[in-house]
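Structure, as structure tokens:
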Amino acid sequence: MRKILFSVIAAVSSFLPLVARGQGGFLPVPQQNVPNIPTDLQGLIRVIDRVGVFMFGFLLVGAFIMFMIGAFMYLVGGGSPDAQKNAKNYLIYAAVAVIVGFAAFAIAQTLKTVVGAQ
């Protein structure tokens, strides 16, 4: 009974800040001009390029982690053919990910040059 009572009190008390916030009303939000919204095709291409470079960085980090896991599995496999096959698959998938990532990055840069975006 005590656990149920404690759970109910904890759940109700977690909503008390919302009730207190509701008493004061909402604060006015100041209007701001957002200068980074793309208004033309080149601005949209720049935004897509920035997102692509950011995602490319994550791809490289993920591929590096896969390389490390594959190398560790290969070393720790202890001569087991199944463990070595699994480790080789990790290394192959990581290499394919890097190749596909570089190809996508090169295609994006080529298209950006063709379109004329800076």
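Residues in the structure tokens are numbered from 1 in each chain, the chains being A, B, ... in the order shown, and ligands are numbered from 1 in the order shown.
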
Margin query: If we count only C-alpha atoms and set the cut-off at 12 Å, which residues sit around segment 41-51 of chain A, ignoring sequence neighbours fewer than 6 positions away in its own chain? Please answer as a list of chain:residue names.
Written below: A:Pro35, A:Gly57, A:Phe58, A:Ala104, A:Phe105, A:Ala106, A:Ile107, A:Ala108, A:Gln109, A:Thr110, A:Leu111, A:Lys112, A:Thr113, A:Val114, A:Val115, A:Gly116, A:Ala117, A:Gln118

Note to self: What does the structure give for the distance between atom CA of Ile37 of chain A and atom CA of Gly101 of chain A, in Å to one decimal?
What the structure shows: 27.1 Å

Notebook entry, point to check: Which polymer residues have any atom within 12 Å of an atom of Tyr90 of chain A, counting only C-alpha atoms, with same-chain residues fewer than 5 positions away left out, as a list in words?
Noted result: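 Close residues of Tyr90 of chain A: Gly62, Ala63, Phe64, Ile65, Met66, Phe67, Met68, Ile69, Gly70, Ala71, Phe72, Met73, Tyr74, Ala83, Gln84, Lys85, Ala95, Val96 and Ala97 of chain A.
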
For the residues selected in the previous step, produce a file with N, CA and C atoms as a compact mmCIF listing (two decimals), in the first residue's frame.
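Listed below is the output, out10.txt:
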# COMPACT_ATOMS: atom_id res chain seq x y z
N GLY A 62 31.06 6.03 -37.57
CA GLY A 62 30.45 4.69 -37.50
C GLY A 62 31.30 3.64 -38.20
N ALA A 63 31.87 3.99 -39.35
CA ALA A 63 32.73 3.05 -40.06
C ALA A 63 33.99 2.75 -39.26
N PHE A 64 34.56 3.76 -38.61
CA PHE A 64 35.74 3.54 -37.77
C PHE A 64 35.40 2.59 -36.62
N ILE A 65 34.24 2.79 -36.01
CA ILE A 65 33.83 1.90 -34.91
C ILE A 65 33.63 0.48 -35.44
N MET A 66 33.03 0.34 -36.63
CA MET A 66 32.87 -0.99 -37.20
C MET A 66 34.22 -1.64 -37.51
N PHE A 67 35.17 -0.85 -38.00
CA PHE A 67 36.51 -1.39 -38.24
C PHE A 67 37.13 -1.89 -36.93
N MET A 68 36.99 -1.11 -35.87
CA MET A 68 37.57 -1.51 -34.59
C MET A 68 36.90 -2.77 -34.05
N ILE A 69 35.58 -2.85 -34.16
CA ILE A 69 34.87 -4.04 -33.69
C ILE A 69 35.28 -5.26 -34.52
N GLY A 70 35.36 -5.09 -35.84
CA GLY A 70 35.76 -6.21 -36.70
C GLY A 70 37.18 -6.67 -36.41
N ALA A 71 38.09 -5.72 -36.21
CA ALA A 71 39.47 -6.09 -35.90
C ALA A 71 39.55 -6.80 -34.55
N PHE A 72 38.82 -6.31 -33.57
CA PHE A 72 38.81 -6.95 -32.25
C PHE A 72 38.24 -8.35 -32.34
N MET A 73 37.14 -8.51 -33.08
CA MET A 73 36.54 -9.83 -33.23
C MET A 73 37.48 -10.79 -33.96
N TYR A 74 38.21 -10.26 -34.92
CA TYR A 74 39.15 -11.09 -35.67
C TYR A 74 40.30 -11.56 -34.77
N ALA A 83 33.83 -17.24 -36.24
CA ALA A 83 34.17 -15.92 -35.68
C ALA A 83 34.97 -15.10 -36.68
N GLN A 84 35.89 -15.75 -37.39
CA GLN A 84 36.66 -15.03 -38.40
C GLN A 84 35.78 -14.57 -39.56
N LYS A 85 34.83 -15.40 -39.97
CA LYS A 85 33.92 -15.01 -41.04
C LYS A 85 33.07 -13.81 -40.62
N ALA A 95 34.11 -1.15 -44.93
CA ALA A 95 34.77 -0.64 -46.14
C ALA A 95 33.74 -0.21 -47.18
N VAL A 96 32.67 -0.99 -47.35
CA VAL A 96 31.61 -0.62 -48.30
C VAL A 96 30.94 0.67 -47.86
N ALA A 97 30.71 0.83 -46.56
CA ALA A 97 30.09 2.07 -46.05
C ALA A 97 30.96 3.28 -46.36

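Relative to atom CA of Ile99 of chain A, atom CA of Phe54 of chain A is found at 16.9 Å.
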
Margin query: Just to confirm, what's the straight-line distance from atom CA of Tyr93 of chain A to atom CA of Phe56 of chain A in Å (one decimal)?
Written below: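 So the answer is 16.1 Å.
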